[in-house]
Amino acid sequence: MIYSSINGTLVPVADAHIKITDLTFRRAYGAFDFLRVSGGVPLFVDDHLERFERSASILGLSYPGYDSVKQQLEALLNANSTHGAGVQMFLTGGEPSDGYTPTNPNLVMLEVTPSSYPDHMYTNGVKLLAYDYQRDVPTAKSTNYFMAVYLHHQIKAAGAADALYHSAGYALETTRSNLFIVKDGALITPRDNILHGVSRKQILGVTAGLLATEERPVLLDDLWQADEAFVSSSTKGAMPDVQVDDKIIGSGKPGDVTKQVMSVFAAHLNAYIKQRTLQKV
């Protein structure tokens, strides 16, 4: 039996429900986060919970507290004997009498099977579809994935792996990932009007002593002239991007710096899992 968690109560997924008067159902307003679990270890859990709390604060939602959320997450993982999965966490808008004002949020956790990607996407790189759009309240991770879902068929029809949002001449992020470019050996990632991803943070940290790194506005022209590009996320890790629309990035193949980042990040991830596993023994 697979359990979900609703406000700290473990409920079989088949029996789980919240009221349809909840603001998240009625107005798509709520905070959201997702983390992977590997070998029973929730990956970079502190970063995810800190971001979840930050998103709630930005959206004006009452947060149950770091310790409470972490305890509820651990209880869910233990109940499901989770070893390799993903967990979606929702902090809903509650049930407002006026249909608009957030009140008494519900904290919902749901175990899911995370996305997986074939090896060729890493060895050959992928294509992105450029789309002129900036997410609402981009610094918060919210339940609003309207545009990502809306573009799904266009992305597939274009033979792309994802859509790259851009606005006012600036490259921003994809629907669920952060963007990096490489120019003259330096690692550069957009700074403003984006969600600061956990994998983005970890990559910047683990490469700081190896490469020159910059967080700054990235023009679309910077992307077109980049030597390499890749995206990062909890499910993708670091995934090379070799084309945007009909424009080829660099050589059109995953570059040496991207390969180095992929290798270093994978080693960092394995070390994190090993350390957290030993702490549990």
# chains A, B, ... in the order shown; residues from 1 in each chain; ligands from 1
call {"tool": "select_by_dssp", "arguments": {"residues": "range 18-83 of chain A", "states": "strand (DSSP E or B)", "output": "ChimeraX atom specification"}}
result
/A:30-38,41-42
call {"tool": "select_by_dssp", "arguments": {"residues": "range 181-264 of chain A", "states": "alpha helix (DSSP H)", "output": "MDAnalysis selection string"}}
result
chainID A and resid 198:207 220:224 256:264
call {"tool": "closest_atom_pairs", "arguments": {"of": "range 97-205 of chain A", "to": "range 212-218 of chain A", "cutoff": "7 Å", "atoms": "only C-alpha atoms", "output": "tab-separated table"}}
result
residue	atom	partner	partner_atom	distance
A:Tyr170	CA	A:Val218	CA	5.7
A:Ala171	CA	A:Val218	CA	5.7
A:Ala186	CA	A:Ala212	CA	4.8
A:Leu187	CA	A:Thr213	CA	4.6
A:Ile188	CA	A:Glu214	CA	4.7
A:Thr189	CA	A:Glu215	CA	5.1
A:Pro190	CA	A:Pro217	CA	5.0
A:Arg191	CA	A:Arg216	CA	4.8
A:Asp192	CA	A:Pro217	CA	6.5
call {"tool": "residues_around", "arguments": {"residues": "His152 in chain A", "least_positions_apart": "5", "cutoff": "9 Å", "atoms": "only C-alpha atoms", "output": "ChimeraX atom specification"}}
result
/A:147,157,162-163
call {"tool": "write_last_selection", "arguments": {"atoms": "N, CA and C atoms", "output": "CSV table (one decimal), in the first residue's frame"}}
result
chain,number,residue,atom,x,y,z
A,147,MET,N,1.8,27.0,-18.3
A,147,MET,CA,2.5,27.1,-19.5
A,147,MET,C,3.2,25.9,-19.9
A,157,ALA,N,6.2,18.2,-30.8
A,157,ALA,CA,6.1,18.4,-32.3
A,157,ALA,C,7.4,19.0,-32.9
A,162,ASP,N,12.4,20.3,-24.2
A,162,ASP,CA,11.8,21.3,-23.3
A,162,ASP,C,11.7,22.6,-24.0
A,163,ALA,N,11.0,23.6,-23.3
A,163,ALA,CA,10.9,24.9,-23.8
A,163,ALA,C,11.8,25.8,-23.0
call {"tool": "residues_around", "arguments": {"residues": "range 13-18 of chain A", "least_positions_apart": "6", "cutoff": "10 Å", "atoms": "only C-alpha atoms", "output": "list in words"}}
result
Met1, Ile2, Tyr3, Ser4, Ser5, Ile6, Phe25, Thr92, Gly94, Glu95, Asn106, Val108, Leu110 and Glu111 of chain A
call {"tool": "closest_residue", "arguments": {"among": "A:His83, A:Lys127, A:Lys183, A:His196", "to": "Leu43 in chain A", "atoms": "only C-alpha atoms"}}
result
A:His83
call {"tool": "residues_around", "arguments": {"residues": "Gly255 in chain A", "least_positions_apart": "4", "cutoff": "12 Å", "atoms": "only C-alpha atoms", "output": "list in words"}}
result
Tyr122, Thr123, Asn124, Gly125, Ile181, Val182, Lys183, Asp184, Gly185, Ala226, Asp227, Glu228, Ala229, Phe230, Met239, Pro240, Asp241, Val242, Ile249, Gly250, Ser251, Lys259, Gln260, Val261 and Met262 of chain A
call {"tool": "residues_around", "arguments": {"residues": "range 54-66 of chain A", "least_positions_apart": "4", "cutoff": "6 Å", "atoms": "only C-alpha atoms", "output": "ChimeraX atom specification"}}
result
/A:31,140-141
call {"tool": "closest_residue", "arguments": {"among": "A:Thr101, A:Gln134, A:Thr139, A:Gln225", "to": "His166 in chain A", "atoms": "only C-alpha atoms"}}
result
A:Gln134
call {"tool": "closest_residue", "arguments": {"among": "A:Thr143, A:Gln71, A:Ser38, A:Thr174", "to": "Arg26 in chain A", "atoms": "only C-alpha atoms"}}
result
A:Thr143
call {"tool": "residues_around", "arguments": {"residues": "Lys280 in chain A", "least_positions_apart": "4", "cutoff": "12 Å", "atoms": "only C-alpha atoms", "output": "tab-separated table (two decimals) with C-alpha atoms, in the first residue's frame"}}
result
chain	number	residue	atom	x	y	z
A	39	GLY	CA	18.86	4.58	-1.68
A	40	GLY	CA	16.41	5.80	0.93
A	41	VAL	CA	18.14	9.19	1.08
A	273	ILE	CA	24.14	9.69	-0.68
A	274	LYS	CA	27.04	7.77	0.88
A	275	GLN	CA	27.49	10.32	3.68
A	276	ARG	CA	23.77	10.45	4.54
call {"tool": "atom_distance", "arguments": {"atom1": "CA of Gly30 in chain A", "atom2": "CA of Phe90 in chain A"}}
result
7.0 Å
call {"tool": "closest_residue", "arguments": {"among": "A:Gly237, A:Gly252, A:Gly99, A:Gly8", "to": "Phe265 in chain A", "atoms": "only C-alpha atoms"}}
result
A:Gly237
call {"tool": "atom_distance", "arguments": {"atom1": "CA of Ser81 in chain A", "atom2": "CA of Phe34 in chain A"}}
result
18.0 Å
